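Participant: Below is model34.cif; it holds mmCIF, C-alpha atoms.
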```
data_coords
loop_
_atom_site.label_atom_id
_atom_site.label_comp_id
_atom_site.auth_asym_id
_atom_site.auth_seq_id
_atom_site.Cartn_x
_atom_site.Cartn_y
_atom_site.Cartn_z
CA MET A 1 11.27 0.16 54.89
CA THR A 2 13.22 -3.06 55.57
CA ARG A 3 16.31 -4.13 53.59
CA SER A 4 14.22 -6.88 51.94
CA THR A 5 11.56 -4.41 50.94
CA THR A 6 14.18 -1.98 49.64
CA PHE A 7 15.79 -4.77 47.59
CA LYS A 8 12.44 -5.78 46.10
CA ALA A 9 11.61 -2.17 45.28
CA THR A 10 14.96 -1.75 43.54
CA ILE A 11 14.38 -4.88 41.44
CA PHE A 12 10.87 -3.72 40.55
CA ALA A 13 12.13 -0.28 39.53
CA GLY A 14 14.78 -1.92 37.38
CA LEU A 15 12.19 -4.07 35.65
CA LEU A 16 10.03 -1.03 34.98
CA ALA A 17 12.99 0.81 33.50
CA ALA A 18 13.86 -2.14 31.29
CA PHE A 19 10.26 -2.42 30.14
CA ALA A 20 10.10 1.30 29.40
CA THR A 21 13.26 1.04 27.32
CA SER A 22 11.98 -1.95 25.34
CA ALA A 23 8.59 -0.29 24.85
CA GLN A 24 10.01 2.95 23.50
CA ALA A 25 8.34 4.03 20.30
CA ALA A 26 10.14 3.45 17.02
CA ASP A 27 11.71 6.42 15.27
CA LEU A 28 9.24 6.13 12.39
CA THR A 29 5.62 5.03 12.63
CA VAL A 30 4.36 3.90 9.25
CA GLY A 31 0.66 3.46 8.56
CA ALA A 32 -0.21 0.56 6.27
CA ASN A 33 -3.38 -1.25 5.28
CA ILE A 34 -2.03 -4.70 6.15
CA GLY A 35 -3.56 -7.25 3.79
CA ASN A 36 -2.74 -5.26 0.66
CA VAL A 37 -0.91 -8.03 -1.19
CA PRO A 38 1.88 -7.87 -2.36
CA TRP A 39 2.64 -4.44 -0.94
CA GLU A 40 2.11 -5.03 2.78
CA PHE A 41 0.68 -8.20 4.29
CA GLU A 42 1.38 -10.87 6.90
CA ASP A 43 3.25 -14.00 5.81
CA ALA A 44 2.54 -17.48 7.19
CA SER A 45 4.52 -16.70 10.35
CA GLY A 46 2.62 -13.46 10.99
CA LYS A 47 5.51 -11.21 9.95
CA VAL A 48 4.59 -8.07 8.03
CA THR A 49 6.22 -8.24 4.61
CA GLY A 50 5.77 -7.00 1.05
CA PHE A 51 7.27 -4.73 -1.62
CA GLU A 52 6.62 -1.48 0.24
CA VAL A 53 7.56 -2.99 3.60
CA ASP A 54 10.94 -3.99 2.19
CA LEU A 55 11.34 -0.54 0.69
CA VAL A 56 10.47 1.32 3.90
CA ASN A 57 12.72 -0.91 5.98
CA GLU A 58 15.64 -0.13 3.67
CA ILE A 59 14.85 3.60 3.72
CA ALA A 60 14.79 3.55 7.52
CA ASN A 61 18.06 1.63 7.56
CA ARG A 62 19.69 4.28 5.33
CA LEU A 63 18.37 7.01 7.65
CA GLY A 64 19.54 5.15 10.77
CA LYS A 65 16.02 4.88 12.15
CA THR A 66 13.77 2.14 13.50
CA VAL A 67 10.30 1.42 12.10
CA GLU A 68 6.92 0.40 13.48
CA PHE A 69 4.13 -0.54 11.05
CA VAL A 70 0.65 0.46 12.23
CA ASN A 71 -2.24 -1.42 10.64
CA THR A 72 -4.62 1.28 9.39
CA PRO A 73 -7.65 1.13 7.05
CA PHE A 74 -6.87 2.85 3.75
CA ASN A 75 -9.20 5.80 4.37
CA GLY A 76 -7.68 6.27 7.82
CA LEU A 77 -4.17 6.80 6.46
CA PHE A 78 -4.91 10.36 5.34
CA PRO A 79 -6.12 11.82 8.66
CA ALA A 80 -3.44 9.79 10.46
CA VAL A 81 -0.55 11.51 8.64
CA GLN A 82 -2.24 14.90 8.81
CA SER A 83 -2.72 14.65 12.58
CA GLY A 84 0.79 13.33 13.21
CA ARG A 85 -0.36 9.98 14.59
CA ILE A 86 1.92 8.38 12.00
CA ASN A 87 5.00 9.78 10.26
CA MET A 88 4.22 8.38 6.83
CA ALA A 89 1.86 6.03 5.03
CA ILE A 90 2.10 3.27 2.46
CA SER A 91 -0.48 1.03 0.78
CA SER A 92 -0.02 1.48 -2.98
CA ILE A 93 -1.17 5.10 -2.54
CA THR A 94 -1.65 6.96 -5.81
CA ILE A 95 -0.33 10.50 -6.17
CA THR A 96 -3.14 12.82 -7.29
CA GLU A 97 -3.46 16.59 -7.66
CA LYS A 98 -6.32 16.56 -5.16
CA ARG A 99 -4.30 14.70 -2.55
CA LEU A 100 -1.32 17.02 -3.03
CA GLU A 101 -3.49 19.86 -1.74
CA SER A 102 -3.41 18.38 1.78
CA VAL A 103 -0.49 15.91 1.93
CA SER A 104 3.00 15.51 0.47
CA PHE A 105 4.55 12.60 -1.42
CA ALA A 106 8.09 11.48 -2.15
CA GLN A 107 8.88 10.72 -5.79
CA PRO A 108 6.93 7.74 -7.17
CA TYR A 109 8.45 4.27 -7.35
CA TYR A 110 5.78 2.28 -9.19
CA ASP A 111 3.57 2.89 -12.21
CA SER A 112 0.26 1.07 -12.05
CA ASP A 113 -3.17 0.73 -13.62
CA GLN A 114 -6.42 -0.66 -12.32
CA SER A 115 -7.86 -3.96 -13.53
CA LEU A 116 -10.95 -6.12 -13.43
CA THR A 117 -10.75 -9.57 -11.83
CA VAL A 118 -13.54 -12.17 -12.08
CA THR A 119 -14.04 -15.86 -11.51
CA ALA A 120 -13.07 -18.05 -14.46
CA ALA A 121 -16.51 -19.68 -14.35
CA SER A 122 -18.39 -16.36 -14.62
CA GLY A 123 -17.96 -15.96 -18.38
CA ILE A 124 -17.21 -12.26 -17.88
CA MET A 125 -14.57 -11.19 -20.41
CA GLY A 126 -14.23 -7.51 -19.52
CA LEU A 127 -15.96 -4.33 -18.43
CA LYS A 128 -18.43 -4.61 -21.32
CA ASP A 129 -19.94 -7.63 -19.53
CA MET A 130 -20.35 -5.83 -16.17
CA GLY A 131 -23.68 -4.18 -17.00
CA GLU A 132 -25.98 -4.35 -13.94
CA LYS A 133 -23.36 -6.49 -12.16
CA VAL A 134 -22.08 -5.97 -8.61
CA VAL A 135 -18.53 -4.63 -8.58
CA GLY A 136 -16.20 -4.66 -5.59
CA VAL A 137 -13.64 -1.90 -4.88
CA ASP A 138 -11.39 -0.84 -2.00
CA THR A 139 -12.91 2.01 0.00
CA GLY A 140 -11.50 5.38 -1.05
CA SER A 141 -9.08 3.86 -3.56
CA THR A 142 -8.45 4.89 -7.17
CA GLY A 143 -10.54 1.88 -8.19
CA ASP A 144 -13.39 3.21 -6.06
CA MET A 145 -13.15 6.64 -7.70
CA TRP A 146 -12.87 5.12 -11.19
CA ALA A 147 -15.90 2.86 -10.70
CA ASP A 148 -17.99 5.74 -9.40
CA ALA A 149 -16.97 8.03 -12.28
CA ASN A 150 -17.56 5.36 -14.95
CA LYS A 151 -20.63 3.67 -13.50
CA GLY A 152 -22.92 5.16 -16.12
CA GLU A 153 -20.69 4.44 -19.11
CA TYR A 154 -20.39 0.74 -18.28
CA LYS A 155 -23.87 0.49 -16.69
CA LEU A 156 -22.35 -0.98 -13.55
CA GLY A 157 -24.72 -2.21 -10.90
CA GLU A 158 -24.05 -1.84 -7.18
CA ILE A 159 -20.57 -0.71 -6.12
CA ARG A 160 -19.65 -2.64 -2.98
CA ARG A 161 -16.74 -1.30 -0.91
CA PHE A 162 -14.17 -3.38 1.00
CA GLU A 163 -11.23 -2.79 3.33
CA GLY A 164 -8.55 -4.62 1.37
CA LEU A 165 -8.12 -7.41 -1.13
CA GLN A 166 -8.79 -10.46 1.06
CA PRO A 167 -12.43 -9.74 2.03
CA ALA A 168 -13.17 -8.64 -1.55
CA MET A 169 -11.80 -11.90 -2.94
CA LEU A 170 -13.83 -13.93 -0.47
CA ASP A 171 -17.00 -12.26 -1.71
CA LEU A 172 -15.93 -12.66 -5.35
CA VAL A 173 -15.34 -16.39 -4.99
CA ALA A 174 -18.60 -16.76 -3.04
CA GLY A 175 -20.52 -14.97 -5.80
CA ARG A 176 -21.55 -12.00 -3.69
CA VAL A 177 -19.79 -9.67 -6.14
CA ASP A 178 -19.33 -10.28 -9.87
CA GLY A 179 -16.06 -8.45 -10.39
CA TYR A 180 -13.36 -6.67 -8.39
CA ILE A 181 -11.57 -3.52 -9.55
CA SER A 182 -8.22 -2.80 -7.95
CA ASP A 183 -4.50 -2.37 -8.62
CA ILE A 184 -3.28 -4.67 -11.39
CA PRO A 185 0.01 -5.71 -9.72
CA ALA A 186 -1.76 -6.87 -6.58
CA LEU A 187 -4.30 -8.82 -8.57
CA LEU A 188 -1.79 -10.43 -10.92
CA TYR A 189 0.23 -11.49 -7.89
CA TYR A 190 -2.85 -12.87 -6.15
CA VAL A 191 -4.32 -14.89 -9.02
CA LYS A 192 -1.10 -16.36 -10.47
CA ASP A 193 -1.61 -19.65 -8.59
CA LYS A 194 -5.43 -19.56 -8.53
CA PRO A 195 -6.90 -20.88 -11.80
CA GLU A 196 -10.43 -20.21 -10.58
CA LEU A 197 -9.73 -16.47 -10.82
CA LYS A 198 -8.48 -14.33 -13.70
CA VAL A 199 -7.64 -10.74 -14.50
CA VAL A 200 -9.64 -10.02 -17.65
CA GLU A 201 -8.98 -6.34 -18.37
CA ARG A 202 -6.42 -3.64 -17.64
CA ILE A 203 -7.95 -0.23 -16.88
CA PRO A 204 -5.45 2.52 -17.80
CA THR A 205 -5.33 5.26 -15.18
CA GLY A 206 -1.75 6.56 -15.21
CA GLU A 207 -1.33 5.87 -11.52
CA LYS A 208 1.98 6.29 -9.74
CA TYR A 209 2.53 5.03 -6.19
CA SER A 210 4.57 6.70 -3.46
CA ILE A 211 4.96 7.22 0.28
CA MET A 212 2.63 9.82 1.79
CA PHE A 213 3.50 12.41 4.47
CA ASN A 214 1.86 15.32 6.21
CA LYS A 215 1.86 18.44 4.05
CA ASP A 216 5.39 19.91 3.71
CA ASP A 217 6.89 17.54 6.30
CA PRO A 218 10.72 17.76 5.99
CA LEU A 219 10.82 13.97 6.35
CA ALA A 220 9.37 13.71 2.83
CA THR A 221 12.46 15.41 1.40
CA GLU A 222 14.78 13.13 3.38
CA VAL A 223 12.98 10.02 2.19
CA ASN A 224 12.88 11.32 -1.37
CA ALA A 225 16.68 11.63 -1.38
CA VAL A 226 17.04 8.03 -0.18
CA ILE A 227 14.66 6.81 -2.89
CA THR A 228 16.87 8.54 -5.47
CA THR A 229 19.88 6.62 -4.15
CA LEU A 230 17.98 3.32 -4.09
CA LYS A 231 16.92 3.80 -7.70
CA GLN A 232 20.46 4.62 -8.76
CA GLU A 233 21.75 1.50 -7.00
CA GLY A 234 19.07 -0.70 -8.61
CA PHE A 235 17.59 -1.66 -5.23
CA ILE A 236 13.98 -0.81 -6.14
CA ALA A 237 14.30 -2.50 -9.53
CA GLN A 238 15.43 -5.64 -7.71
CA LEU A 239 12.41 -5.42 -5.41
CA HIS A 240 10.24 -5.40 -8.53
CA GLU A 241 11.83 -8.60 -9.78
CA THR A 242 11.54 -10.22 -6.36
CA TRP A 243 7.85 -9.45 -5.88
CA PHE A 244 6.48 -9.51 -9.44
CA GLY A 245 8.84 -11.95 -11.15
CA ALA A 246 9.59 -9.53 -13.97
CA LYS A 247 12.17 -6.88 -14.76
CA ALA A 248 11.07 -3.29 -14.27
CA GLU A 249 11.06 -1.32 -17.52
CA ASP A 250 13.70 1.41 -17.69
CA THR A 251 11.10 4.04 -18.53
CA THR A 252 9.06 3.45 -15.36
CA SER A 253 9.27 5.28 -12.05
CA THR A 254 10.66 2.11 -10.48
CA VAL A 255 13.93 2.84 -12.29
CA THR A 256 13.84 6.51 -13.32
CA VAL A 257 14.78 9.21 -10.79
CA LEU A 258 12.00 11.80 -10.67
CA ASP A 259 11.27 15.06 -8.88
CA MET A 260 9.06 15.19 -5.83
CA PRO A 261 5.48 15.90 -6.92
CA LYS A 262 4.52 19.46 -6.01
CA GLY A 263 0.95 19.80 -7.25
CA LYS A 264 -0.46 22.98 -8.71
#
```
Write the structure described by the file as structure tokens, please.

Facilitator:
Amino acid sequence: MTRSTTFKATIFAGLLAAFATSAQAADLTVGANIGNVPWEFEDASGKVTGFEVDLVNEIANRLGKTVEFVNTPFNGLFPAVQSGRINMAISSITITEKRLESVSFAQPYYDSDQSLTVTAASGIMGLKDMGEKVVGVDTGSTGDMWADANKGEYKLGEIRRFEGLQPAMLDLVAGRVDGYISDIPALLYYVKDKPELKVVERIPTGEKYSIMFNKDDPLATEVNAVITTLKQEGFIAQLHETWFGAKAEDTTSTVTVLDMPKGK
């Protein structure tokens, strides 16, 4: 090997080492259904932002770790944490007894209900007007489960499933679905500057959102402790004001420190 060749090989090896360093995986991989406004979505510049994104970034900062957000369909978040492909998952995930059988959650940080959104021109005033109508839901979500369980009571027509709010709203505006059932905070945020759309009914479900982990992952306990600190400091309450334009009530899980959910 000539001196020139040796020099070139050294430069190439250095570039590979630099690339390997820059391409190292983040400390925490976080699955998120990007497009779930206002929890995790891309802003005009393409940056991933949102209530839960801000929360996770602050948690990682307190733990001294770096974060990578992995765009994952909602239904894919569950096998992803269970297989270890991601360390934790967000996307306004509701804590349920059934889910606690196979995954773990940190303490909740948001209390939510479902809601029905329609076009203003539709004349639909609530669930009582959805008989034989096409209703949109997010695949595998609480809204999906609620619609399926209450289809007979409200005489709902076809239940059409979507991967996130944006495609569902496109079909709603186009008239391909008559109503969309999903998380009320996301829908209130989405329609606040869109007079052609309106949230017509709150659907009480007692939902509480949190970060999801593989079953009994020690990371869940670490994150839970940070969430306690962030509640005590008022950080999460401030996030609520930033993203929803309203003060979080003192009785909600956004403010109140709670135990980690254990299930039965």

Participant: List the residues matched by the PyMOL selection byres ((chain A and resi 102) around 8) in the displayed structure as a PDB file with C-alpha atoms, in the frame of the given file, ordered by chain and then by residue number.

Facilitator:
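And here's result_20.pdb as it stands now:
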```
ATOM      1  CA  GLN A  82      -2.240  14.900   8.810  1.00  0.00           C
ATOM      2  CA  LYS A  98      -6.320  16.560  -5.160  1.00  0.00           C
ATOM      3  CA  ARG A  99      -4.300  14.700  -2.550  1.00  0.00           C
ATOM      4  CA  LEU A 100      -1.320  17.020  -3.030  1.00  0.00           C
ATOM      5  CA  GLU A 101      -3.490  19.860  -1.740  1.00  0.00           C
ATOM      6  CA  VAL A 103      -0.490  15.910   1.930  1.00  0.00           C
ATOM      7  CA  SER A 104       3.000  15.510   0.470  1.00  0.00           C
ATOM      8  CA  ASN A 214       1.860  15.320   6.210  1.00  0.00           C
ATOM      9  CA  LYS A 215       1.860  18.440   4.050  1.00  0.00           C
TER      10      LYS A 215
END
```

Participant: Rank nothing, just name the residue among A:Gly206, A:Pro79, A:Gly140, A:Gly175 nearest to Glu163 in chain A, using only C-alpha atoms.

Facilitator: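 Nearest to Glu163 in chain A: A:Gly140.
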
Participant: Determine the nearest neighbour of Tyr110 in chain A from the options A:Ile93, A:Val226, A:Val135, A:Leu165, counting all atoms listed in the file.

Facilitator: A:Ile93

Participant: Point out the residue among A:Gly64, A:Gly234, A:Gly179, A:Gly157 with the least atom-to-atom distance to Ala248 in chain A, counting only C-alpha atoms.

Facilitator: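 Of A:Gly64, A:Gly234, A:Gly179, A:Gly157, the one nearest Ala248 in chain A, counting only C-alpha atoms, is A:Gly234.
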
Participant: Using all atoms listed in the file, determine which residues lie at most 12 Å from Phe162 in chain A, disregarding the query and same-chain residues fewer than 2 positions distant; provide the list as a short mmCIF file (atom, residue, chain, number, x, y, z; two decimals) with C-alpha atoms, in the coordinates of the input.

Facilitator:
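The file below, part07.cif, is the result:
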```
data_model
loop_
_atom_site.label_atom_id
_atom_site.label_comp_id
_atom_site.auth_asym_id
_atom_site.auth_seq_id
_atom_site.Cartn_x
_atom_site.Cartn_y
_atom_site.Cartn_z
CA ASN A 33 -3.38 -1.25 5.28
CA GLY A 35 -3.56 -7.25 3.79
CA ASN A 36 -2.74 -5.26 0.66
CA PRO A 73 -7.65 1.13 7.05
CA PHE A 74 -6.87 2.85 3.75
CA ASN A 75 -9.20 5.80 4.37
CA VAL A 135 -18.53 -4.63 -8.58
CA GLY A 136 -16.20 -4.66 -5.59
CA VAL A 137 -13.64 -1.90 -4.88
CA ASP A 138 -11.39 -0.84 -2.00
CA THR A 139 -12.91 2.01 0.00
CA GLY A 140 -11.50 5.38 -1.05
CA SER A 141 -9.08 3.86 -3.56
CA GLY A 143 -10.54 1.88 -8.19
CA ASP A 144 -13.39 3.21 -6.06
CA ILE A 159 -20.57 -0.71 -6.12
CA ARG A 160 -19.65 -2.64 -2.98
CA GLY A 164 -8.55 -4.62 1.37
CA LEU A 165 -8.12 -7.41 -1.13
CA GLN A 166 -8.79 -10.46 1.06
CA PRO A 167 -12.43 -9.74 2.03
CA ALA A 168 -13.17 -8.64 -1.55
CA MET A 169 -11.80 -11.90 -2.94
CA LEU A 170 -13.83 -13.93 -0.47
CA ASP A 171 -17.00 -12.26 -1.71
CA LEU A 172 -15.93 -12.66 -5.35
CA VAL A 177 -19.79 -9.67 -6.14
CA TYR A 180 -13.36 -6.67 -8.39
CA ILE A 181 -11.57 -3.52 -9.55
CA SER A 182 -8.22 -2.80 -7.95
#
```

Participant: Find the residues near Ser92 in chain A: any atom within 7 Å, counting only C-alpha atoms, skip ones fewer than 3 places away on the same chain, and give them as a list in words.

Facilitator: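 Within the cut-off, the hits are Trp39, Tyr209 and Ser210 of chain A.
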
Participant: Which residues are close to Ile227 in chain A, i.e. within 8 Å by only C-alpha atoms, leaving aside same-chain residues fewer than 3 positions away? Reply as a list of chain:residue names.

Facilitator: A:Ile59, A:Gln107, A:Val223, A:Asn224, A:Leu230, A:Lys231

Participant: Counting only C-alpha atoms, note down every residue that has an atom within 12 Å of the point (1.5, -11.1, 8.9) (file coordinates), as a list of chain:residue names.

Facilitator: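 It turns out the residues near that spot are A:Asn33, A:Ile34, A:Gly35, A:Asn36, A:Val37, A:Pro38, A:Trp39, A:Glu40, A:Phe41, A:Glu42, A:Asp43, A:Ala44, A:Ser45, A:Gly46, A:Lys47, A:Val48, A:Thr49, A:Gly50, A:Val53, A:Phe69, A:Asn71.
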
Participant: I need the output of the PyMOL selection byres ((chain A and resi 125) around 6) for this file as a CSV table (one decimal) with C-alpha atoms, in the coordinates of the input; which residues are they?

Facilitator:
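Produced file out38.csv, reproduced below:
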```csv
chain,number,residue,atom,x,y,z
A,124,ILE,CA,-17.2,-12.3,-17.9
A,126,GLY,CA,-14.2,-7.5,-19.5
A,200,VAL,CA,-9.6,-10.0,-17.6
```

Participant: May I have the residues within 6 Å of Lys198 in chain A as an MDAnalysis selection string, using only C-alpha atoms and disregarding those fewer than 3 positions away in the same chain?

Facilitator: chainID A and resid 117:118 120

Participant: Please, could you write that set of residues out with C-alpha atoms as an mmCIF file, in the coordinates of the input?

Facilitator:
```cif
data_model
loop_
_atom_site.group_PDB
_atom_site.id
_atom_site.type_symbol
_atom_site.label_atom_id
_atom_site.label_comp_id
_atom_site.auth_asym_id
_atom_site.auth_seq_id
_atom_site.Cartn_x
_atom_site.Cartn_y
_atom_site.Cartn_z
ATOM 1 C CA THR A 117 -10.750 -9.570 -11.830
ATOM 2 C CA VAL A 118 -13.540 -12.170 -12.080
ATOM 3 C CA ALA A 120 -13.070 -18.050 -14.460
#
```

Participant: In Å, how far is it from CA of Leu28 in chain A to CA of Glu68 in chain A?

Facilitator: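 Taking CA of Leu28 in chain A as the start and CA of Glu68 in chain A as the end point, the length is 6.3 Å.
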
Participant: Run the PyMOL selection byres ((chain A and resi 264) around 8) on the file and write out the hits as a PyMOL selection string.

Facilitator: chain A and resi 97+262-263

Participant: Please return the centre and edge lengths, in Å to one decimal, of a box with edges along x, y and z that contains all listed atoms of range 61-67 of chain A, widened by 5 Å on every side, as lines of an AutoDock Vina configuration file.

Facilitator:
```
center_x = 15.0
center_y = 4.2
center_z = 9.4
size_x = 19.4
size_y = 15.6
size_z = 18.2
```

Participant: Export range 78-139 of chain A, C-alpha atoms, as a PDB file, in the first residue's frame; it's the structure right above.

Facilitator:
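Output saved as result.pdb:
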```
ATOM      1  CA  PHE A  78     -48.330  -2.249  21.923  1.00  0.00           C
ATOM      2  CA  PRO A  79     -46.257  -5.006  20.263  1.00  0.00           C
ATOM      3  CA  ALA A  80     -43.407  -2.512  19.810  1.00  0.00           C
ATOM      4  CA  VAL A  81     -42.995  -1.906  23.563  1.00  0.00           C
ATOM      5  CA  GLN A  82     -43.558  -5.572  24.383  1.00  0.00           C
ATOM      6  CA  SER A  83     -40.856  -6.692  21.947  1.00  0.00           C
ATOM      7  CA  GLY A  84     -38.388  -4.019  23.047  1.00  0.00           C
ATOM      8  CA  ARG A  85     -38.269  -2.285  19.662  1.00  0.00           C
ATOM      9  CA  ILE A  86     -39.127   0.920  21.520  1.00  0.00           C
ATOM     10  CA  ASN A  87     -38.558   1.857  25.163  1.00  0.00           C
ATOM     11  CA  MET A  88     -41.887   3.584  25.676  1.00  0.00           C
ATOM     12  CA  ALA A  89     -44.938   4.801  23.801  1.00  0.00           C
ATOM     13  CA  ILE A  90     -47.104   7.905  23.707  1.00  0.00           C
ATOM     14  CA  SER A  91     -50.177   8.892  21.690  1.00  0.00           C
ATOM     15  CA  SER A  92     -52.864   9.837  24.219  1.00  0.00           C
ATOM     16  CA  ILE A  93     -52.878   6.195  25.366  1.00  0.00           C
ATOM     17  CA  THR A  94     -55.615   5.384  27.858  1.00  0.00           C
ATOM     18  CA  ILE A  95     -54.800   3.287  30.918  1.00  0.00           C
ATOM     19  CA  THR A  96     -57.163   0.298  31.098  1.00  0.00           C
ATOM     20  CA  GLU A  97     -57.307  -2.820  33.273  1.00  0.00           C
ATOM     21  CA  LYS A  98     -57.010  -4.970  30.165  1.00  0.00           C
ATOM     22  CA  ARG A  99     -53.890  -3.180  28.969  1.00  0.00           C
ATOM     23  CA  LEU A 100     -52.302  -3.414  32.419  1.00  0.00           C
ATOM     24  CA  GLU A 101     -52.300  -7.187  32.024  1.00  0.00           C
ATOM     25  CA  SER A 102     -49.574  -6.961  29.372  1.00  0.00           C
ATOM     26  CA  VAL A 103     -47.936  -3.515  29.684  1.00  0.00           C
ATOM     27  CA  SER A 104     -47.064  -0.991  32.390  1.00  0.00           C
ATOM     28  CA  PHE A 105     -47.920   2.703  32.669  1.00  0.00           C
ATOM     29  CA  ALA A 106     -46.500   5.615  34.612  1.00  0.00           C
ATOM     30  CA  GLN A 107     -49.011   7.689  36.580  1.00  0.00           C
ATOM     31  CA  PRO A 108     -51.537   9.513  34.371  1.00  0.00           C
ATOM     32  CA  TYR A 109     -51.089  13.149  33.406  1.00  0.00           C
ATOM     33  CA  TYR A 110     -54.317  13.929  31.561  1.00  0.00           C
ATOM     34  CA  ASP A 111     -57.996  13.186  32.132  1.00  0.00           C
ATOM     35  CA  SER A 112     -59.995  12.926  28.935  1.00  0.00           C
ATOM     36  CA  ASP A 113     -63.312  11.906  27.429  1.00  0.00           C
ATOM     37  CA  GLN A 114     -64.329  11.007  23.920  1.00  0.00           C
ATOM     38  CA  SER A 115     -66.447  13.294  21.745  1.00  0.00           C
ATOM     39  CA  LEU A 116     -68.393  13.449  18.512  1.00  0.00           C
ATOM     40  CA  THR A 117     -67.306  15.889  15.803  1.00  0.00           C
ATOM     41  CA  VAL A 118     -69.386  16.641  12.695  1.00  0.00           C
ATOM     42  CA  THR A 119     -69.554  19.226   9.950  1.00  0.00           C
ATOM     43  CA  ALA A 120     -71.533  22.341  10.840  1.00  0.00           C
ATOM     44  CA  ALA A 121     -73.631  21.878   7.706  1.00  0.00           C
ATOM     45  CA  SER A 122     -74.667  18.312   8.591  1.00  0.00           C
ATOM     46  CA  GLY A 123     -77.383  19.288  11.069  1.00  0.00           C
ATOM     47  CA  ILE A 124     -76.210  16.524  13.416  1.00  0.00           C
ATOM     48  CA  MET A 125     -76.579  17.727  17.008  1.00  0.00           C
ATOM     49  CA  GLY A 126     -75.333  14.656  18.877  1.00  0.00           C
ATOM     50  CA  LEU A 127     -75.204  10.880  19.064  1.00  0.00           C
ATOM     51  CA  LYS A 128     -79.006  10.688  18.887  1.00  0.00           C
ATOM     52  CA  ASP A 129     -78.742  11.853  15.265  1.00  0.00           C
ATOM     53  CA  MET A 130     -76.140   9.218  14.270  1.00  0.00           C
ATOM     54  CA  GLY A 131     -78.630   6.418  13.588  1.00  0.00           C
ATOM     55  CA  GLU A 132     -77.558   4.504  10.449  1.00  0.00           C
ATOM     56  CA  LYS A 133     -74.773   7.063   9.902  1.00  0.00           C
ATOM     57  CA  VAL A 134     -71.132   6.272   9.127  1.00  0.00           C
ATOM     58  CA  VAL A 135     -68.882   6.981  12.106  1.00  0.00           C
ATOM     59  CA  GLY A 136     -65.109   7.332  11.965  1.00  0.00           C
ATOM     60  CA  VAL A 137     -62.774   6.189  14.774  1.00  0.00           C
ATOM     61  CA  ASP A 138     -59.043   5.646  15.276  1.00  0.00           C
ATOM     62  CA  THR A 139     -58.090   1.988  14.927  1.00  0.00           C
TER      63      THR A 139
END
```
